[in-house]
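Next up, entry.cif (mmCIF, C-alpha atoms):
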```cif
data_final
loop_
_atom_site.group_PDB
_atom_site.id
_atom_site.type_symbol
_atom_site.label_atom_id
_atom_site.label_comp_id
_atom_site.auth_asym_id
_atom_site.auth_seq_id
_atom_site.Cartn_x
_atom_site.Cartn_y
_atom_site.Cartn_z
ATOM 1 C CA MET A 1453 54.973 -152.052 178.899
ATOM 2 C CA GLY A 1454 57.368 -150.173 176.614
ATOM 3 C CA LEU A 1455 56.377 -146.852 178.196
ATOM 4 C CA LEU A 1456 56.893 -148.220 181.708
ATOM 5 C CA ALA A 1457 60.304 -149.649 180.749
ATOM 6 C CA LEU A 1458 61.289 -146.225 179.382
ATOM 7 C CA MET A 1459 60.141 -144.442 182.571
ATOM 8 C CA TRP A 1460 61.897 -146.788 184.990
ATOM 9 C CA GLY A 1461 64.897 -147.533 182.787
ATOM 10 C CA SER A 1462 65.592 -143.822 182.267
ATOM 11 C CA SER A 1463 65.508 -143.146 186.025
ATOM 12 C CA PHE A 1464 69.232 -143.886 186.258
ATOM 13 C CA LEU A 1465 69.955 -141.276 183.573
ATOM 14 C CA TRP A 1466 67.894 -138.624 185.395
ATOM 15 C CA ILE A 1467 69.579 -139.446 188.720
ATOM 16 C CA GLU A 1468 72.983 -138.982 187.072
ATOM 17 C CA ILE A 1469 71.965 -135.541 185.768
ATOM 18 C CA ALA A 1470 70.287 -134.494 189.040
ATOM 19 C CA LEU A 1471 73.493 -135.306 190.954
ATOM 20 C CA THR A 1472 75.210 -132.373 189.209
ATOM 21 C CA GLY A 1473 73.174 -129.956 191.341
ATOM 22 C CA LEU A 1474 71.606 -131.882 194.245
ATOM 23 C CA SER A 1475 72.748 -134.244 196.983
ATOM 24 C CA PRO A 1476 71.436 -137.841 197.095
ATOM 25 C CA VAL A 1477 69.078 -137.049 199.996
ATOM 26 C CA GLN A 1478 67.743 -133.948 198.229
ATOM 27 C CA ILE A 1479 67.042 -136.038 195.120
ATOM 28 C CA SER A 1480 65.166 -138.634 197.198
ATOM 29 C CA VAL A 1481 63.050 -136.000 198.953
ATOM 30 C CA ALA A 1482 62.094 -134.263 195.696
ATOM 31 C CA ARG A 1483 61.383 -137.599 194.019
ATOM 32 C CA CYS A 1484 59.113 -138.799 196.840
ATOM 33 C CA VAL A 1485 57.249 -135.477 197.156
ATOM 34 C CA LEU A 1486 56.478 -135.277 193.428
ATOM 35 C CA GLY A 1487 55.618 -138.979 193.186
ATOM 36 C CA ALA A 1488 53.313 -138.777 196.209
ATOM 37 C CA LEU A 1489 51.469 -135.740 194.795
ATOM 38 C CA VAL A 1490 50.862 -137.554 191.497
ATOM 39 C CA LEU A 1491 49.684 -140.786 193.140
ATOM 40 C CA VAL A 1492 47.419 -139.116 195.690
ATOM 41 C CA GLY A 1493 45.863 -137.078 192.884
ATOM 42 C CA LEU A 1494 45.324 -140.188 190.752
ATOM 43 C CA CYS A 1495 43.948 -142.054 193.762
ATOM 44 C CA TYR A 1496 41.225 -139.501 194.485
ATOM 45 C CA ALA A 1497 40.556 -138.956 190.785
ATOM 46 C CA ALA A 1498 39.767 -142.684 190.561
ATOM 47 C CA GLY A 1499 37.300 -142.377 193.444
ATOM 48 C CA LYS A 1500 39.565 -144.213 195.900
ATOM 49 C CA ARG A 1501 40.644 -143.101 199.360
ATOM 50 C CA LEU A 1502 43.785 -143.600 201.377
ATOM 51 C CA PRO A 1503 43.335 -146.313 204.032
ATOM 52 C CA ARG A 1504 42.083 -145.225 207.456
ATOM 53 C CA ASP A 1505 43.399 -148.310 209.204
ATOM 54 C CA TRP A 1506 46.486 -147.360 211.215
ATOM 55 C CA ARG A 1507 47.773 -150.901 210.930
ATOM 56 C CA ALA A 1508 47.780 -150.579 207.130
ATOM 57 C CA TRP A 1509 49.652 -147.275 207.459
ATOM 58 C CA GLY A 1510 52.185 -148.968 209.736
ATOM 59 C CA HIS A 1511 52.776 -151.755 207.232
ATOM 60 C CA MET A 1512 53.098 -149.355 204.297
ATOM 61 C CA THR A 1513 55.467 -147.104 206.250
ATOM 62 C CA LEU A 1514 57.782 -150.027 206.887
ATOM 63 C CA ALA A 1515 57.429 -151.054 203.233
ATOM 64 C CA ALA A 1516 58.295 -147.475 202.205
ATOM 65 C CA VAL A 1517 61.613 -147.776 204.031
ATOM 66 C CA PHE A 1518 62.735 -150.664 201.817
ATOM 67 C CA ALA A 1519 60.800 -149.815 198.630
ATOM 68 C CA ASN A 1520 61.405 -146.059 198.412
ATOM 69 C CA ALA A 1521 63.315 -144.139 201.075
ATOM 70 C CA LEU A 1522 66.305 -146.482 201.311
ATOM 71 C CA PRO A 1523 66.761 -147.561 197.649
ATOM 72 C CA PHE A 1524 66.055 -144.093 196.212
ATOM 73 C CA THR A 1525 68.830 -142.683 198.409
ATOM 74 C CA LEU A 1526 71.204 -145.605 197.865
ATOM 75 C CA PHE A 1527 70.916 -145.408 194.076
ATOM 76 C CA ALA A 1528 71.760 -141.704 194.155
ATOM 77 C CA VAL A 1529 74.683 -142.318 196.536
ATOM 78 C CA GLY A 1530 76.021 -145.199 194.449
ATOM 79 C CA GLN A 1531 75.719 -143.332 191.157
ATOM 80 C CA GLN A 1532 78.182 -140.747 192.418
ATOM 81 C CA THR A 1533 80.870 -143.257 191.406
ATOM 82 C CA VAL A 1534 78.981 -145.733 189.159
ATOM 83 C CA ASP A 1535 77.696 -145.079 185.638
ATOM 84 C CA SER A 1536 73.933 -145.008 185.107
ATOM 85 C CA GLY A 1537 74.034 -147.990 182.711
ATOM 86 C CA VAL A 1538 75.868 -150.173 185.230
ATOM 87 C CA ALA A 1539 73.397 -149.108 187.946
ATOM 88 C CA GLY A 1540 70.536 -150.333 185.762
ATOM 89 C CA VAL A 1541 72.297 -153.652 185.169
ATOM 90 C CA ILE A 1542 72.849 -154.237 188.911
ATOM 91 C CA ASN A 1543 69.214 -153.315 189.556
ATOM 92 C CA ALA A 1544 68.223 -156.258 187.306
ATOM 93 C CA THR A 1545 69.349 -158.651 190.067
ATOM 94 C CA THR A 1546 66.296 -157.746 192.195
ATOM 95 C CA PRO A 1547 64.204 -160.782 191.073
ATOM 96 C CA LEU A 1548 67.082 -163.090 192.027
ATOM 97 C CA TRP A 1549 67.170 -161.713 195.569
ATOM 98 C CA GLN A 1550 63.373 -161.881 195.653
ATOM 99 C CA LEU A 1551 63.538 -165.605 194.899
ATOM 100 C CA VAL A 1552 66.198 -166.169 197.589
ATOM 101 C CA ILE A 1553 64.082 -164.325 200.172
ATOM 102 C CA GLY A 1554 61.000 -166.320 199.139
ATOM 103 C CA LEU A 1555 62.907 -169.574 199.626
ATOM 104 C CA MET A 1556 64.176 -168.450 203.040
ATOM 105 C CA LEU A 1557 60.664 -167.466 204.182
ATOM 106 C CA GLY A 1558 59.080 -170.593 202.722
ATOM 107 C CA THR A 1559 56.734 -168.605 200.479
ATOM 108 C CA ASP A 1560 58.377 -169.974 197.316
ATOM 109 C CA ARG A 1561 58.925 -173.723 197.368
ATOM 110 C CA GLY A 1562 59.135 -174.355 193.636
ATOM 111 C CA MET A 1563 62.907 -174.683 193.224
ATOM 112 C CA GLY A 1564 63.223 -177.016 190.253
ATOM 113 C CA GLY A 1565 66.340 -177.704 188.246
ATOM 114 C CA ILE A 1566 65.800 -174.913 185.710
ATOM 115 C CA ARG A 1567 65.062 -172.283 188.360
ATOM 116 C CA LEU A 1568 68.093 -173.333 190.409
ATOM 117 C CA LEU A 1569 70.276 -173.132 187.300
ATOM 118 C CA GLY A 1570 68.816 -169.691 186.545
ATOM 119 C CA LEU A 1571 69.579 -168.527 190.095
ATOM 120 C CA LEU A 1572 73.182 -169.708 189.864
ATOM 121 C CA LEU A 1573 73.522 -168.219 186.386
ATOM 122 C CA GLY A 1574 72.132 -164.874 187.562
ATOM 123 C CA PHE A 1575 74.531 -164.622 190.457
ATOM 124 C CA GLY A 1576 77.366 -165.726 188.160
ATOM 125 C CA GLY A 1577 76.525 -162.778 185.905
ATOM 126 C CA THR A 1578 76.506 -160.472 188.931
ATOM 127 C CA LEU A 1579 79.948 -161.769 189.894
ATOM 128 C CA LEU A 1580 81.169 -161.055 186.362
ATOM 129 C CA ILE A 1581 79.885 -157.477 186.608
ATOM 130 C CA PHE A 1582 81.634 -156.854 189.927
ATOM 131 C CA ALA A 1583 84.851 -158.655 188.848
ATOM 132 C CA PRO A 1584 86.316 -159.073 192.362
ATOM 133 C CA TRP A 1585 89.552 -160.311 190.782
ATOM 134 C CA ASN A 1586 90.105 -156.714 189.582
ATOM 135 C CA ALA A 1587 90.504 -155.021 192.939
ATOM 136 C CA GLY A 1588 88.885 -151.610 193.154
ATOM 137 C CA LEU A 1589 87.404 -151.718 189.664
ATOM 138 C CA MET A 1590 83.823 -151.212 190.766
ATOM 139 C CA GLY A 1591 84.327 -149.806 194.276
ATOM 140 C CA TRP A 1592 81.871 -149.131 197.064
ATOM 141 C CA GLY A 1593 79.306 -147.442 194.816
ATOM 142 C CA ALA A 1594 78.398 -150.721 193.121
ATOM 143 C CA LEU A 1595 77.947 -152.409 196.508
ATOM 144 C CA VAL A 1596 75.622 -149.591 197.588
ATOM 145 C CA ILE A 1597 73.533 -150.073 194.435
ATOM 146 C CA LEU A 1598 73.466 -153.823 195.037
ATOM 147 C CA ALA A 1599 72.128 -153.094 198.541
ATOM 148 C CA ALA A 1600 69.383 -150.990 196.914
ATOM 149 C CA ALA A 1601 68.410 -153.916 194.664
ATOM 150 C CA ILE A 1602 68.232 -156.215 197.710
ATOM 151 C CA SER A 1603 66.148 -153.572 199.505
ATOM 152 C CA TYR A 1604 63.573 -153.680 196.686
ATOM 153 C CA ALA A 1605 63.375 -157.463 197.027
ATOM 154 C CA VAL A 1606 62.785 -157.197 200.792
ATOM 155 C CA ALA A 1607 60.019 -154.650 200.190
ATOM 156 C CA TYR A 1608 58.215 -156.822 197.630
ATOM 157 C CA ALA A 1609 58.289 -159.820 199.979
ATOM 158 C CA TYR A 1610 57.043 -157.734 202.916
ATOM 159 C CA ILE A 1611 54.187 -156.118 200.962
ATOM 160 C CA ASP A 1612 53.096 -159.488 199.592
ATOM 161 C CA HIS A 1613 53.097 -160.974 203.105
ATOM 162 C CA THR A 1614 51.344 -158.139 204.949
ATOM 163 C CA MET A 1615 49.014 -156.365 202.496
ATOM 164 C CA LYS A 1616 47.588 -159.171 200.366
ATOM 165 C CA GLY A 1617 43.843 -159.569 200.861
ATOM 166 C CA ARG A 1618 43.374 -156.407 202.945
ATOM 167 C CA GLY A 1619 41.015 -154.847 200.401
ATOM 168 C CA VAL A 1620 43.199 -151.791 199.764
ATOM 169 C CA ALA A 1621 43.135 -150.659 196.123
ATOM 170 C CA PRO A 1622 46.584 -150.854 194.494
ATOM 171 C CA ILE A 1623 46.609 -147.142 193.598
ATOM 172 C CA ALA A 1624 45.702 -146.246 197.217
ATOM 173 C CA MET A 1625 48.391 -148.605 198.504
ATOM 174 C CA SER A 1626 51.107 -147.052 196.326
ATOM 175 C CA ALA A 1627 49.955 -143.519 197.260
ATOM 176 C CA THR A 1628 50.110 -144.411 200.960
ATOM 177 C CA GLN A 1629 53.571 -145.859 200.440
ATOM 178 C CA LEU A 1630 54.902 -142.699 198.742
ATOM 179 C CA VAL A 1631 53.347 -140.403 201.355
ATOM 180 C CA SER A 1632 55.080 -142.431 204.071
ATOM 181 C CA ALA A 1633 58.358 -142.387 202.139
ATOM 182 C CA THR A 1634 58.192 -138.578 201.873
ATOM 183 C CA TRP A 1635 58.321 -137.931 205.596
ATOM 184 C CA LEU A 1636 60.853 -140.723 206.088
ATOM 185 C CA VAL A 1637 63.406 -139.179 203.693
ATOM 186 C CA ALA A 1638 62.577 -135.706 205.055
ATOM 187 C CA LEU A 1639 63.937 -136.901 208.425
ATOM 188 C CA ALA A 1640 67.332 -137.367 206.747
ATOM 189 C CA LEU A 1641 67.507 -133.770 205.480
ATOM 190 C CA PRO A 1642 69.512 -132.477 208.489
ATOM 191 C CA VAL A 1643 72.098 -135.199 207.840
ATOM 192 C CA GLY A 1644 72.558 -135.127 204.076
ATOM 193 C CA GLY A 1645 70.166 -132.594 202.619
ATOM 194 C CA LEU A 1646 71.420 -129.174 203.700
ATOM 195 C CA GLN A 1647 74.185 -128.792 201.097
ATOM 196 C CA PRO A 1648 73.978 -125.866 198.664
ATOM 197 C CA VAL A 1649 71.974 -126.645 195.542
ATOM 198 C CA SER A 1650 72.722 -125.703 191.938
ATOM 199 C CA LEU A 1651 69.425 -125.578 190.057
ATOM 200 C CA THR A 1652 70.247 -125.477 186.369
ATOM 201 C CA TRP A 1653 67.477 -126.187 183.859
ATOM 202 C CA GLN A 1654 68.959 -129.663 183.318
ATOM 203 C CA VAL A 1655 68.732 -130.464 187.048
ATOM 204 C CA ILE A 1656 65.165 -129.123 187.294
ATOM 205 C CA LEU A 1657 64.106 -131.138 184.230
ATOM 206 C CA ALA A 1658 65.794 -134.292 185.573
ATOM 207 C CA ILE A 1659 64.186 -134.133 189.006
ATOM 208 C CA ALA A 1660 60.768 -133.242 187.544
ATOM 209 C CA VAL A 1661 60.799 -136.188 185.123
ATOM 210 C CA LEU A 1662 62.206 -138.512 187.803
ATOM 211 C CA GLY A 1663 59.541 -137.578 190.357
ATOM 212 C CA VAL A 1664 56.442 -137.074 188.203
ATOM 213 C CA PHE A 1665 56.986 -139.796 185.613
ATOM 214 C CA GLY A 1666 59.698 -142.141 186.917
ATOM 215 C CA THR A 1667 58.033 -142.382 190.350
ATOM 216 C CA GLY A 1668 54.411 -141.191 190.224
ATOM 217 C CA PHE A 1669 52.982 -142.223 186.866
ATOM 218 C CA ALA A 1670 55.320 -145.242 186.628
ATOM 219 C CA PHE A 1671 53.882 -146.742 189.822
ATOM 220 C CA ALA A 1672 50.331 -146.157 188.599
ATOM 221 C CA LEU A 1673 51.147 -147.626 185.187
ATOM 222 C CA PHE A 1674 52.769 -150.692 186.739
ATOM 223 C CA TYR A 1675 49.697 -151.461 188.862
ATOM 224 C CA ARG A 1676 47.489 -151.018 185.772
ATOM 225 C CA LEU A 1677 49.733 -153.433 183.859
ATOM 226 C CA LEU A 1678 49.644 -155.849 186.778
ATOM 227 C CA SER A 1679 45.851 -155.732 186.813
ATOM 228 C CA ASP A 1680 45.458 -156.136 183.033
ATOM 229 C CA GLU A 1681 48.200 -158.650 182.225
ATOM 230 C CA GLY A 1682 48.858 -160.482 185.491
ATOM 231 C CA PRO A 1683 52.108 -160.694 187.509
ATOM 232 C CA THR A 1684 53.965 -163.018 185.110
ATOM 233 C CA ASN A 1685 53.513 -160.807 182.052
ATOM 234 C CA ALA A 1686 54.009 -157.616 184.068
ATOM 235 C CA SER A 1687 57.361 -158.877 185.354
ATOM 236 C CA VAL A 1688 58.695 -158.942 181.776
ATOM 237 C CA VAL A 1689 59.229 -155.183 182.032
ATOM 238 C CA GLY A 1690 62.113 -155.893 184.427
ATOM 239 C CA TYR A 1691 64.085 -157.484 181.586
ATOM 240 C CA LEU A 1692 63.912 -154.247 179.580
ATOM 241 C CA LEU A 1693 65.169 -151.838 182.271
ATOM 242 C CA PRO A 1694 68.926 -152.539 182.040
ATOM 243 C CA VAL A 1695 68.776 -152.429 178.240
ATOM 244 C CA VAL A 1696 67.156 -148.983 178.419
ATOM 245 C CA SER A 1697 69.604 -147.698 181.059
ATOM 246 C CA VAL A 1698 72.647 -148.946 179.117
ATOM 247 C CA LEU A 1699 71.481 -147.425 175.820
ATOM 248 C CA LEU A 1700 70.523 -144.058 177.345
ATOM 249 C CA GLY A 1701 73.776 -143.842 179.317
ATOM 250 C CA ALA A 1702 75.818 -144.507 176.187
ATOM 251 C CA LEU A 1703 73.768 -142.122 173.990
ATOM 252 C CA PHE A 1704 73.352 -139.096 176.289
ATOM 253 C CA LEU A 1705 76.169 -139.384 178.852
ATOM 254 C CA GLY A 1706 78.855 -140.960 176.690
ATOM 255 C CA GLU A 1707 79.283 -143.852 179.111
ATOM 256 C CA ASP A 1708 81.669 -146.515 177.903
ATOM 257 C CA LEU A 1709 80.545 -150.024 178.804
ATOM 258 C CA ASN A 1710 83.099 -152.779 178.261
ATOM 259 C CA LEU A 1711 82.406 -156.270 177.008
ATOM 260 C CA ARG A 1712 82.550 -157.755 180.511
ATOM 261 C CA ILE A 1713 79.679 -155.561 181.773
ATOM 262 C CA ILE A 1714 77.560 -156.295 178.700
ATOM 263 C CA ALA A 1715 78.214 -160.049 179.021
ATOM 264 C CA GLY A 1716 77.304 -159.881 182.710
ATOM 265 C CA MET A 1717 74.035 -158.106 181.849
ATOM 266 C CA VAL A 1718 73.086 -160.761 179.294
ATOM 267 C CA ILE A 1719 73.871 -163.569 181.762
ATOM 268 C CA VAL A 1720 71.893 -161.898 184.573
ATOM 269 C CA LEU A 1721 68.848 -161.395 182.326
ATOM 270 C CA ALA A 1722 69.025 -164.996 181.118
ATOM 271 C CA GLY A 1723 69.211 -166.224 184.712
ATOM 272 C CA VAL A 1724 66.281 -164.034 185.785
ATOM 273 C CA ALA A 1725 64.215 -165.306 182.845
ATOM 274 C CA MET A 1726 64.904 -168.917 183.902
ATOM 275 C CA THR A 1727 63.859 -168.233 187.501
ATOM 276 C CA ARG A 1728 60.568 -166.725 186.291
ATOM 277 C CA ILE A 1729 59.472 -169.932 184.562
ATOM 278 C CA PRO A 1730 56.139 -170.802 186.222
ATOM 279 C CA ARG A 1731 55.989 -173.905 188.368
ATOM 280 C CA ARG A 1732 54.058 -176.889 187.130
ATOM 281 C CA PRO A 1733 50.741 -177.304 188.918
ATOM 282 C CA PRO A 1734 50.518 -180.489 190.959
ATOM 283 C CA THR A 1735 48.842 -183.376 189.154
ATOM 284 C CA THR A 1736 45.347 -183.982 190.442
ATOM 285 C CA PRO A 1737 44.313 -187.585 191.060
ATOM 286 C CA ALA A 1738 41.974 -189.063 188.478
ATOM 287 C CA VAL A 1739 38.309 -188.948 189.395
ATOM 288 C CA LEU A 1740 36.624 -192.313 189.846
ATOM 289 C CA ALA A 1741 34.452 -193.321 186.955
ATOM 290 C CA VAL A 1742 30.730 -193.550 187.661
ATOM 291 C CA GLU A 1743 30.704 -197.306 187.339
ATOM 292 C CA ASP A 1744 33.605 -197.564 189.827
ATOM 293 C CA GLU A 1745 31.839 -195.616 192.562
ATOM 294 C CA PRO A 1746 30.849 -197.684 195.597
ATOM 295 C CA ARG A 1747 27.201 -198.659 195.474
ATOM 296 C CA ALA A 1748 24.787 -198.226 198.319
ATOM 297 C CA PRO A 1749 23.967 -201.479 200.161
ATOM 298 C CA ALA A 1750 20.749 -203.168 199.123
ATOM 299 C CA ARG A 1751 17.785 -202.458 201.352
ATOM 300 C CA LEU A 1752 16.617 -205.440 203.406
ATOM 301 C CA ASP A 1753 12.975 -204.437 203.172
#
```
Structure re-expressed in structure tokens:
Amino acid sequence: MGLLALMWGSSFLWIEIALTGLSPVQISVARCVLGALVLVGLCYAAGKRLPRDWRAWGHMTLAAVFANALPFTLFAVGQQTVDSGVAGVINATTPLWQLVIGLMLGTDRGMGGIRLLGLLLGFGGTLLIFAPWNAGLMGWGALVILAAAISYAVAYAYIDHTMKGRGVAPIAMSATQLVSATWLVALALPVGGLQPVSLTWQVILAIAVLGVFGTGFAFALFYRLLSDEGPTNASVVGYLLPVVSVLLGALFLGEDLNLRIIAGMVIVLAGVAMTRIPRRPPTTPAVLAVEDEPRAPARLD
């Protein structure tokens, strides 16, 4: 879990470094290509195969739009004006949007008092981060990153609704998703990917780590964690990501986070933790005691 938090939490640092030599679309293409190569290799090494059902490919292609192609690009676009630590903090709102989408679709009906309070608290923390009373403080970049966080939530809801119970191995599903994302972001190259590149060793290192580890191995590790520990325990890693991104941004990029941003992060994480409290199972009616069971009528013969 600590390794996964480091891989995903450091992604914002690597994006910030990669932006010094590549455009957002170029970063997304490189990230998807490297991640897809790793996942396809791991898939076949595990004796699994990519699905042959075209319907499954259609579902995973649509999922790749919201889970990879769109958010990968939006994070890189937003981080042109937003620090990596702040990007990680805004990304922590994904579970809140996931809960809202679940309530809208009717797939999550367990809105008790604590979860509702956590939802309100989480969005209050988000409001504190954006500080709309300080006009222009965060700018459009933060809104773009917020859209990326919402995009992740849409993807999770869609995958859960369309791919559950289809018999596709998780590693094959994630490999299919990254392969689909690769050609999707490649379509955007004529629009935002033809700018001159500046490949310093820092940029090459950043994009290699981001694609191989932050995308490829991180996805495989997450599905392993999900299989071993279950969804509730696996979701704990989400609480660690903004802490990692804030610390790495301050240590290696000299980013200065003020007290308001840090307070907003703490409030968001507290709200997310409250929304993740499992629902109480419904009480089952007591079983009739043996002596209370209705007796068969006496035979007349």
Contacts of Gly1487 (chain A) within 6 Å, all atoms listed in the file, excl. fewer than 6 positions in-chain, as a list in words: Gly1663, Val1664, Thr1667 and Gly1668 of chain A
Contacts of Ile1659 (chain A) within 10 Å, only C-alpha atoms, excl. fewer than 3 positions in-chain, as a PyMOL selection string: chain A and resi 1463+1466-1467+1469-1471+1474+1478-1480+1482-1483+1486+1654-1656+1662-1666
Using only C-alpha atoms: which of A:Ala1609, A:Leu1692, A:Val1492, A:Leu1573 has the shortest distance to Gly1454 (chain A): A:Leu1692
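Between CA of Ala1528 (chain A) and CA of Leu1651 (chain A) there is a distance of 16.8 Å.
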Residues matched by the PyMOL selection byres ((chain A and resi 1718) around 12), written as a ChimeraX atom specification: /A:1541-1542,1544-1545,1573-1578,1580-1581,1691-1692,1694-1695,1698,1711-1717,1719-1725
Selection result of the PyMOL selection byres ((chain A and resi 1600) around 12) on this file, as a ChimeraX atom specification: /A:1517-1531,1539-1540,1542-1546,1549,1593-1599,1601-1607
Would you mind exporting the chosen residues as a compact mmCIF listing (two decimals), keeping the file's coordinate frame, restricted to C-alpha atoms?
```txt
# COMPACT_ATOMS: atom_id res chain seq x y z
CA VAL A 1517 61.61 -147.78 204.03
CA PHE A 1518 62.74 -150.66 201.82
CA ALA A 1519 60.80 -149.82 198.63
CA ASN A 1520 61.40 -146.06 198.41
CA ALA A 1521 63.32 -144.14 201.08
CA LEU A 1522 66.31 -146.48 201.31
CA PRO A 1523 66.76 -147.56 197.65
CA PHE A 1524 66.06 -144.09 196.21
CA THR A 1525 68.83 -142.68 198.41
CA LEU A 1526 71.20 -145.60 197.86
CA PHE A 1527 70.92 -145.41 194.08
CA ALA A 1528 71.76 -141.70 194.16
CA VAL A 1529 74.68 -142.32 196.54
CA GLY A 1530 76.02 -145.20 194.45
CA GLN A 1531 75.72 -143.33 191.16
CA ALA A 1539 73.40 -149.11 187.95
CA GLY A 1540 70.54 -150.33 185.76
CA ILE A 1542 72.85 -154.24 188.91
CA ASN A 1543 69.21 -153.32 189.56
CA ALA A 1544 68.22 -156.26 187.31
CA THR A 1545 69.35 -158.65 190.07
CA THR A 1546 66.30 -157.75 192.20
CA TRP A 1549 67.17 -161.71 195.57
CA GLY A 1593 79.31 -147.44 194.82
CA ALA A 1594 78.40 -150.72 193.12
CA LEU A 1595 77.95 -152.41 196.51
CA VAL A 1596 75.62 -149.59 197.59
CA ILE A 1597 73.53 -150.07 194.44
CA LEU A 1598 73.47 -153.82 195.04
CA ALA A 1599 72.13 -153.09 198.54
CA ALA A 1601 68.41 -153.92 194.66
CA ILE A 1602 68.23 -156.22 197.71
CA SER A 1603 66.15 -153.57 199.50
CA TYR A 1604 63.57 -153.68 196.69
CA ALA A 1605 63.38 -157.46 197.03
CA VAL A 1606 62.78 -157.20 200.79
CA ALA A 1607 60.02 -154.65 200.19
```
Option closest in space to Ala1508 (chain A), from A:Tyr1608, A:Gly1564, A:Thr1614, A:Ser1462 [counting all atoms listed in the file]: A:Thr1614
